[in-house]
file upload_29.pdb (PDB, C-alpha atoms)
ATOM      1  CA  MET A  19      82.284 110.163  77.174  1.00  0.00           C
ATOM      2  CA  TYR A  20      83.620 113.204  75.363  1.00  0.00           C
ATOM      3  CA  SER A  21      85.308 112.701  72.005  1.00  0.00           C
ATOM      4  CA  GLY A  22      88.281 114.726  73.262  1.00  0.00           C
ATOM      5  CA  THR A  23      88.784 112.193  76.050  1.00  0.00           C
ATOM      6  CA  LEU A  24      88.759 109.326  73.563  1.00  0.00           C
ATOM      7  CA  THR A  25      91.163 111.179  71.294  1.00  0.00           C
ATOM      8  CA  THR A  26      93.504 111.694  74.247  1.00  0.00           C
ATOM      9  CA  ILE A  27      93.366 107.970  75.020  1.00  0.00           C
ATOM     10  CA  THR A  28      93.949 106.984  71.396  1.00  0.00           C
ATOM     11  CA  GLU A  29      96.912 109.339  71.108  1.00  0.00           C
ATOM     12  CA  ALA A  30      98.398 107.994  74.347  1.00  0.00           C
ATOM     13  CA  THR A  31      98.571 104.336  73.273  1.00  0.00           C
ATOM     14  CA  ASP A  32     102.347 104.332  72.722  1.00  0.00           C
ATOM     15  CA  PHE A  33     102.884 105.929  76.120  1.00  0.00           C
ATOM     16  CA  LEU A  34     100.445 103.531  77.799  1.00  0.00           C
ATOM     17  CA  ALA A  35     102.221 100.524  76.261  1.00  0.00           C
ATOM     18  CA  TYR A  36     105.568 101.859  77.547  1.00  0.00           C
ATOM     19  CA  PHE A  37     104.110 102.746  80.954  1.00  0.00           C
ATOM     20  CA  ARG A  38     102.716  99.240  81.475  1.00  0.00           C
ATOM     21  CA  LYS A  39     106.224  97.787  80.971  1.00  0.00           C
ATOM     22  CA  LEU A  40     107.616  99.786  83.892  1.00  0.00           C
ATOM     23  CA  PRO A  41     108.027  98.043  87.257  1.00  0.00           C
ATOM     24  CA  ARG A  42     104.818  98.113  89.267  1.00  0.00           C
ATOM     25  CA  THR A  43     106.356 100.311  91.973  1.00  0.00           C
ATOM     26  CA  GLN A  44     107.176 102.991  89.387  1.00  0.00           C
ATOM     27  CA  GLN A  45     103.703 102.716  87.877  1.00  0.00           C
ATOM     28  CA  ASP A  46     102.148 103.199  91.299  1.00  0.00           C
ATOM     29  CA  MET A  47     104.246 106.339  91.910  1.00  0.00           C
ATOM     30  CA  ILE A  48     103.587 107.914  88.508  1.00  0.00           C
ATOM     31  CA  ALA A  49      99.952 106.951  87.869  1.00  0.00           C
ATOM     32  CA  PRO A  50      98.371 109.555  90.194  1.00  0.00           C
ATOM     33  CA  HIS A  51     100.067 112.295  88.149  1.00  0.00           C
ATOM     34  CA  LEU A  52      98.684 111.160  84.783  1.00  0.00           C
ATOM     35  CA  ASP A  53      95.703 112.808  83.106  1.00  0.00           C
ATOM     36  CA  GLU A  54      92.300 111.362  83.957  1.00  0.00           C
ATOM     37  CA  PRO A  55      91.793 109.779  80.487  1.00  0.00           C
ATOM     38  CA  GLN A  56      95.114 107.941  80.801  1.00  0.00           C
ATOM     39  CA  ARG A  57      94.254 106.731  84.312  1.00  0.00           C
ATOM     40  CA  MET A  58      90.883 105.447  83.088  1.00  0.00           C
ATOM     41  CA  ALA A  59      92.521 103.643  80.175  1.00  0.00           C
ATOM     42  CA  LEU A  60      95.033 102.051  82.537  1.00  0.00           C
ATOM     43  CA  LYS A  61      92.213 100.913  84.834  1.00  0.00           C
ATOM     44  CA  VAL A  62      90.557  99.181  81.893  1.00  0.00           C
ATOM     45  CA  LEU A  63      93.819  97.675  80.621  1.00  0.00           C
ATOM     46  CA  ASN A  64      94.659  96.357  84.088  1.00  0.00           C
ATOM     47  CA  CYS A  65      91.338  94.498  84.100  1.00  0.00           C
ATOM     48  CA  CYS A  66      91.975  92.781  80.762  1.00  0.00           C
ATOM     49  CA  SER A  67      93.783  89.489  80.340  1.00  0.00           C
ATOM     50  CA  GLU A  68      96.159  88.380  77.604  1.00  0.00           C
ATOM     51  CA  LEU A  69      94.786  84.863  77.695  1.00  0.00           C
ATOM     52  CA  GLU A  70      91.048  85.070  78.156  1.00  0.00           C
ATOM     53  CA  GLY A  71      88.574  87.573  76.748  1.00  0.00           C
ATOM     54  CA  GLN A  72      86.093  89.253  79.065  1.00  0.00           C
ATOM     55  CA  SER A  73      82.842  91.080  78.470  1.00  0.00           C
ATOM     56  CA  VAL A  74      82.485  94.844  78.810  1.00  0.00           C
ATOM     57  CA  VAL A  75      80.256  94.244  81.834  1.00  0.00           C
ATOM     58  CA  ALA A  76      82.964  92.223  83.610  1.00  0.00           C
ATOM     59  CA  ILE A  77      85.729  94.709  82.763  1.00  0.00           C
ATOM     60  CA  ALA A  78      83.585  97.692  83.800  1.00  0.00           C
ATOM     61  CA  SER A  79      82.790  96.008  87.103  1.00  0.00           C
ATOM     62  CA  LEU A  80      86.450  95.284  87.835  1.00  0.00           C
ATOM     63  CA  ALA A  81      87.562  98.775  86.764  1.00  0.00           C
ATOM     64  CA  GLU A  82      84.692 100.411  88.650  1.00  0.00           C
ATOM     65  CA  LEU A  83      83.705 102.431  85.563  1.00  0.00           C
ATOM     66  CA  HIS A  84      80.428 102.886  83.736  1.00  0.00           C
ATOM     67  CA  GLN A  85      79.835 100.242  81.052  1.00  0.00           C
ATOM     68  CA  GLU A  86      79.533 102.782  78.244  1.00  0.00           C
ATOM     69  CA  SER A  87      82.763 104.504  79.295  1.00  0.00           C
ATOM     70  CA  THR A  88      84.496 101.134  79.403  1.00  0.00           C
ATOM     71  CA  ARG A  89      83.138 100.209  75.965  1.00  0.00           C
ATOM     72  CA  ALA A  90      84.314 103.548  74.512  1.00  0.00           C
ATOM     73  CA  ILE A  91      87.799 103.130  76.003  1.00  0.00           C
ATOM     74  CA  LEU A  92      88.080  99.594  74.643  1.00  0.00           C
ATOM     75  CA  LYS A  93      87.035 100.775  71.182  1.00  0.00           C
ATOM     76  CA  ALA A  94      89.592 103.601  71.340  1.00  0.00           C
ATOM     77  CA  LEU A  95      92.323 101.072  72.143  1.00  0.00           C
ATOM     78  CA  GLU A  96      91.085  98.351  69.785  1.00  0.00           C
ATOM     79  CA  GLY A  97      93.728  97.107  67.393  1.00  0.00           C
ATOM     80  CA  LYS A  98      96.456  98.874  69.339  1.00  0.00           C
ATOM     81  CA  MET A  99      96.353  97.461  72.849  1.00  0.00           C
ATOM     82  CA  VAL A 100      93.231  95.312  73.000  1.00  0.00           C
ATOM     83  CA  ALA A 101      91.490  92.944  70.641  1.00  0.00           C
ATOM     84  CA  ALA A 102      87.868  91.894  70.478  1.00  0.00           C
ATOM     85  CA  GLU A 103      86.649  88.412  69.753  1.00  0.00           C
ATOM     86  CA  VAL A 104      83.069  88.164  68.558  1.00  0.00           C
ATOM     87  CA  THR A 105      81.263  85.256  70.199  1.00  0.00           C
ATOM     88  CA  ALA A 106      77.673  84.099  70.518  1.00  0.00           C
ATOM     89  CA  MET A 107      77.516  85.964  73.848  1.00  0.00           C
ATOM     90  CA  GLY A 108      78.893  89.206  72.335  1.00  0.00           C
ATOM     91  CA  LYS A 109      82.359  90.697  72.122  1.00  0.00           C
ATOM     92  CA  LEU A 110      84.995  89.470  74.526  1.00  0.00           C
ATOM     93  CA  TRP A 111      87.957  91.790  75.023  1.00  0.00           C
ATOM     94  CA  ARG A 112      91.551  90.845  75.809  1.00  0.00           C
ATOM     95  CA  LEU A 113      94.978  92.448  75.680  1.00  0.00           C
ATOM     96  CA  ALA A 114      96.498  92.353  72.214  1.00  0.00           C
TER      97      ALA A 114
END

call {"tool": "encode", "arguments": {"input": "upload_29.pdb", "output": "structure tokens"}}
result
Amino acid sequence: MYSGTLTTITEATDFLAYFRKLPRTQQDMIAPHLDEPQRMALKVLNCCSELEGQSVVAIASLAELHQESTRAILKALEGKMVAAEVTAMGKLWRLA
């Protein structure tokens, strides 16, 4: 994934947090008009849970994205919108 894409995602965290608070019908109408990096980040965020951490493999599968792209997006959002818990099985990601 290009560093410019990750920068775009990192810079969009405030917008993404606001966007996710909108009613689902509004999100569905607006989402197709967002930039590709924002849509990818939203896909990943929509596959994360607030309660239970999931592996990159599980999130990538749900989001239908490449594992490395998913990992890069999660790292770009880490500490802002997602948090990682280090376990014996590896990092498990959840919404912050």

call {"tool": "atom_distance", "arguments": {"input": "upload_29.pdb", "atom1": "atom CA of A:Leu60", "atom2": "atom CA of A:Leu34"}}
result
7.3 Å

call {"tool": "resolve_selection", "arguments": {"input": "upload_29.pdb", "expression": "the PyMOL selection byres ((chain A and resi 68) around 12)", "output": "PyMOL selection string"}}
result
chain A and resi 63-67+69-72+99-102+110-114

call {"tool": "atom_distance", "arguments": {"input": "upload_29.pdb", "atom1": "atom CA of A:Thr43", "atom2": "atom CA of A:Glu82"}}
result
21.9 Å

call {"tool": "closest_residue", "arguments": {"input": "upload_29.pdb", "among": "A:Gly108, A:Asp53, A:Tyr20, A:Asp32", "to": "A:Glu86", "atoms": "only C-alpha atoms"}}
result
A:Tyr20

call {"tool": "resolve_selection", "arguments": {"input": "upload_29.pdb", "expression": "the PyMOL selection byres ((chain A and resi 55) around 7)", "output": "PyMOL selection string"}}
result
chain A and resi 23+26-27+53-54+56-59

call {"tool": "atom_distance", "arguments": {"input": "upload_29.pdb", "atom1": "atom CA of A:Val75", "atom2": "atom CA of A:Thr88"}}
result
8.4 Å

call {"tool": "closest_residue", "arguments": {"input": "upload_29.pdb", "among": "A:Ile77, A:Ser87, A:Phe37, A:Ser21", "to": "A:Leu52", "atoms": "all atoms listed in the file"}}
result
A:Phe37

call {"tool": "closest_residue", "arguments": {"input": "upload_29.pdb", "among": "A:Asp46, A:Gly22, A:Thr28, A:Ser79", "to": "A:Glu96", "atoms": "only C-alpha atoms"}}
result
A:Thr28

call {"tool": "closest_residue", "arguments": {"input": "upload_29.pdb", "among": "A:Thr105, A:Pro50, A:Lys98, A:Ala90", "to": "A:Phe33", "atoms": "all atoms listed in the file"}}
result
A:Lys98

call {"tool": "closest_residue", "arguments": {"input": "upload_29.pdb", "among": "A:Thr25, A:Thr31, A:Gln44, A:Ser73", "to": "A:Glu103", "atoms": "all atoms listed in the file"}}
result
A:Ser73

call {"tool": "closest_residue", "arguments": {"input": "upload_29.pdb", "among": "A:Ala30, A:Val62, A:Arg42, A:Met47", "to": "A:Leu92", "atoms": "only C-alpha atoms"}}
result
A:Val62

call {"tool": "axis_aligned_box", "arguments": {"input": "upload_29.pdb", "around": "stretch 60-75 of chain A", "padding_each_side": "6 Å", "output": "lines of an AutoDock Vina configuration file"}}
result
center_x = 88.2
center_y = 93.5
center_z = 80.8
size_x = 27.9
size_y = 29.2
size_z = 20.1

call {"tool": "build_atoms", "arguments": {"input": "upload_29.pdb", "residues": "stretch 36-71 of chain A", "atoms": "N, CA and C atoms", "output": "PDB file, in the coordinates of the input"}}
result
ATOM      1  N   TYR A  36     104.289 101.689  76.857  1.00  0.00           N
ATOM      2  CA  TYR A  36     105.568 101.859  77.547  1.00  0.00           C
ATOM      3  C   TYR A  36     105.367 101.856  79.063  1.00  0.00           C
ATOM      4  N   PHE A  37     104.379 102.602  79.525  1.00  0.00           N
ATOM      5  CA  PHE A  37     104.110 102.746  80.954  1.00  0.00           C
ATOM      6  C   PHE A  37     103.836 101.393  81.596  1.00  0.00           C
ATOM      7  N   ARG A  38     103.073 100.545  80.910  1.00  0.00           N
ATOM      8  CA  ARG A  38     102.716  99.240  81.475  1.00  0.00           C
ATOM      9  C   ARG A  38     103.912  98.297  81.567  1.00  0.00           C
ATOM     10  N   LYS A  39     105.022  98.618  80.897  1.00  0.00           N
ATOM     11  CA  LYS A  39     106.224  97.787  80.971  1.00  0.00           C
ATOM     12  C   LYS A  39     107.125  98.199  82.139  1.00  0.00           C
ATOM     13  N   LEU A  40     106.837  99.334  82.739  1.00  0.00           N
ATOM     14  CA  LEU A  40     107.616  99.786  83.892  1.00  0.00           C
ATOM     15  C   LEU A  40     107.343  98.872  85.083  1.00  0.00           C
ATOM     16  N   PRO A  41     108.294  98.800  86.028  1.00  0.00           N
ATOM     17  CA  PRO A  41     108.027  98.043  87.257  1.00  0.00           C
ATOM     18  C   PRO A  41     106.792  98.602  87.967  1.00  0.00           C
ATOM     19  N   ARG A  42     106.081  97.733  88.611  1.00  0.00           N
ATOM     20  CA  ARG A  42     104.818  98.113  89.267  1.00  0.00           C
ATOM     21  C   ARG A  42     105.020  99.246  90.279  1.00  0.00           C
ATOM     22  N   THR A  43     106.129  99.248  90.986  1.00  0.00           N
ATOM     23  CA  THR A  43     106.356 100.311  91.973  1.00  0.00           C
ATOM     24  C   THR A  43     106.449 101.676  91.290  1.00  0.00           C
ATOM     25  N   GLN A  44     107.100 101.732  90.122  1.00  0.00           N
ATOM     26  CA  GLN A  44     107.176 102.991  89.387  1.00  0.00           C
ATOM     27  C   GLN A  44     105.804 103.388  88.857  1.00  0.00           C
ATOM     28  N   GLN A  45     105.055 102.419  88.364  1.00  0.00           N
ATOM     29  CA  GLN A  45     103.703 102.716  87.877  1.00  0.00           C
ATOM     30  C   GLN A  45     102.852 103.318  88.991  1.00  0.00           C
ATOM     31  N   ASP A  46     102.947 102.722  90.163  1.00  0.00           N
ATOM     32  CA  ASP A  46     102.148 103.199  91.299  1.00  0.00           C
ATOM     33  C   ASP A  46     102.526 104.621  91.713  1.00  0.00           C
ATOM     34  N   MET A  47     103.802 104.985  91.553  1.00  0.00           N
ATOM     35  CA  MET A  47     104.246 106.339  91.910  1.00  0.00           C
ATOM     36  C   MET A  47     103.825 107.368  90.863  1.00  0.00           C
ATOM     37  N   ILE A  48     103.852 106.980  89.603  1.00  0.00           N
ATOM     38  CA  ILE A  48     103.587 107.914  88.508  1.00  0.00           C
ATOM     39  C   ILE A  48     102.100 108.053  88.201  1.00  0.00           C
ATOM     40  N   ALA A  49     101.354 106.979  88.300  1.00  0.00           N
ATOM     41  CA  ALA A  49      99.952 106.951  87.869  1.00  0.00           C
ATOM     42  C   ALA A  49      99.096 108.096  88.423  1.00  0.00           C
ATOM     43  N   PRO A  50      99.211 108.461  89.690  1.00  0.00           N
ATOM     44  CA  PRO A  50      98.371 109.555  90.194  1.00  0.00           C
ATOM     45  C   PRO A  50      98.599 110.898  89.487  1.00  0.00           C
ATOM     46  N   HIS A  51      99.729 111.037  88.816  1.00  0.00           N
ATOM     47  CA  HIS A  51     100.067 112.295  88.149  1.00  0.00           C
ATOM     48  C   HIS A  51      99.663 112.319  86.672  1.00  0.00           C
ATOM     49  N   LEU A  52      99.126 111.223  86.178  1.00  0.00           N
ATOM     50  CA  LEU A  52      98.684 111.160  84.783  1.00  0.00           C
ATOM     51  C   LEU A  52      97.342 111.857  84.623  1.00  0.00           C
ATOM     52  N   ASP A  53      97.015 112.222  83.392  1.00  0.00           N
ATOM     53  CA  ASP A  53      95.703 112.808  83.106  1.00  0.00           C
ATOM     54  C   ASP A  53      94.620 111.773  83.365  1.00  0.00           C
ATOM     55  N   GLU A  54      93.427 112.249  83.670  1.00  0.00           N
ATOM     56  CA  GLU A  54      92.300 111.362  83.957  1.00  0.00           C
ATOM     57  C   GLU A  54      92.032 110.358  82.823  1.00  0.00           C
ATOM     58  N   PRO A  55      92.033 110.764  81.550  1.00  0.00           N
ATOM     59  CA  PRO A  55      91.793 109.779  80.487  1.00  0.00           C
ATOM     60  C   PRO A  55      92.823 108.644  80.490  1.00  0.00           C
ATOM     61  N   GLN A  56      94.078 108.972  80.750  1.00  0.00           N
ATOM     62  CA  GLN A  56      95.114 107.941  80.801  1.00  0.00           C
ATOM     63  C   GLN A  56      94.911 107.016  81.993  1.00  0.00           C
ATOM     64  N   ARG A  57      94.518 107.562  83.125  1.00  0.00           N
ATOM     65  CA  ARG A  57      94.254 106.731  84.312  1.00  0.00           C
ATOM     66  C   ARG A  57      93.074 105.797  84.066  1.00  0.00           C
ATOM     67  N   MET A  58      92.030 106.305  83.398  1.00  0.00           N
ATOM     68  CA  MET A  58      90.883 105.447  83.088  1.00  0.00           C
ATOM     69  C   MET A  58      91.279 104.325  82.137  1.00  0.00           C
ATOM     70  N   ALA A  59      92.069 104.661  81.123  1.00  0.00           N
ATOM     71  CA  ALA A  59      92.521 103.643  80.175  1.00  0.00           C
ATOM     72  C   ALA A  59      93.357 102.582  80.890  1.00  0.00           C
ATOM     73  N   LEU A  60      94.221 103.006  81.784  1.00  0.00           N
ATOM     74  CA  LEU A  60      95.033 102.051  82.537  1.00  0.00           C
ATOM     75  C   LEU A  60      94.175 101.154  83.419  1.00  0.00           C
ATOM     76  N   LYS A  61      93.134 101.722  84.035  1.00  0.00           N
ATOM     77  CA  LYS A  61      92.213 100.913  84.834  1.00  0.00           C
ATOM     78  C   LYS A  61      91.621  99.796  83.985  1.00  0.00           C
ATOM     79  N   VAL A  62      91.170 100.159  82.791  1.00  0.00           N
ATOM     80  CA  VAL A  62      90.557  99.181  81.893  1.00  0.00           C
ATOM     81  C   VAL A  62      91.596  98.144  81.461  1.00  0.00           C
ATOM     82  N   LEU A  63      92.772  98.602  81.055  1.00  0.00           N
ATOM     83  CA  LEU A  63      93.819  97.675  80.621  1.00  0.00           C
ATOM     84  C   LEU A  63      94.224  96.718  81.736  1.00  0.00           C
ATOM     85  N   ASN A  64      94.282  97.207  82.958  1.00  0.00           N
ATOM     86  CA  ASN A  64      94.659  96.357  84.088  1.00  0.00           C
ATOM     87  C   ASN A  64      93.612  95.300  84.399  1.00  0.00           C
ATOM     88  N   CYS A  65      92.407  95.462  83.877  1.00  0.00           N
ATOM     89  CA  CYS A  65      91.338  94.498  84.100  1.00  0.00           C
ATOM     90  C   CYS A  65      91.183  93.520  82.938  1.00  0.00           C
ATOM     91  N   CYS A  66      92.006  93.682  81.917  1.00  0.00           N
ATOM     92  CA  CYS A  66      91.975  92.781  80.762  1.00  0.00           C
ATOM     93  C   CYS A  66      93.065  91.724  80.920  1.00  0.00           C
ATOM     94  N   SER A  67      92.832  90.589  80.305  1.00  0.00           N
ATOM     95  CA  SER A  67      93.783  89.489  80.340  1.00  0.00           C
ATOM     96  C   SER A  67      94.351  89.250  78.952  1.00  0.00           C
ATOM     97  N   GLU A  68      95.570  88.749  78.889  1.00  0.00           N
ATOM     98  CA  GLU A  68      96.159  88.380  77.604  1.00  0.00           C
ATOM     99  C   GLU A  68      95.618  87.044  77.122  1.00  0.00           C
ATOM    100  N   LEU A  69      95.168  86.227  78.031  1.00  0.00           N
ATOM    101  CA  LEU A  69      94.786  84.863  77.695  1.00  0.00           C
ATOM    102  C   LEU A  69      93.300  84.678  77.436  1.00  0.00           C
ATOM    103  N   GLU A  70      92.486  85.320  78.223  1.00  0.00           N
ATOM    104  CA  GLU A  70      91.048  85.070  78.156  1.00  0.00           C
ATOM    105  C   GLU A  70      90.282  86.371  77.975  1.00  0.00           C
ATOM    106  N   GLY A  71      89.401  86.398  76.972  1.00  0.00           N
ATOM    107  CA  GLY A  71      88.574  87.573  76.748  1.00  0.00           C
ATOM    108  C   GLY A  71      87.501  87.717  77.812  1.00  0.00           C
TER     109      GLY A  71
END
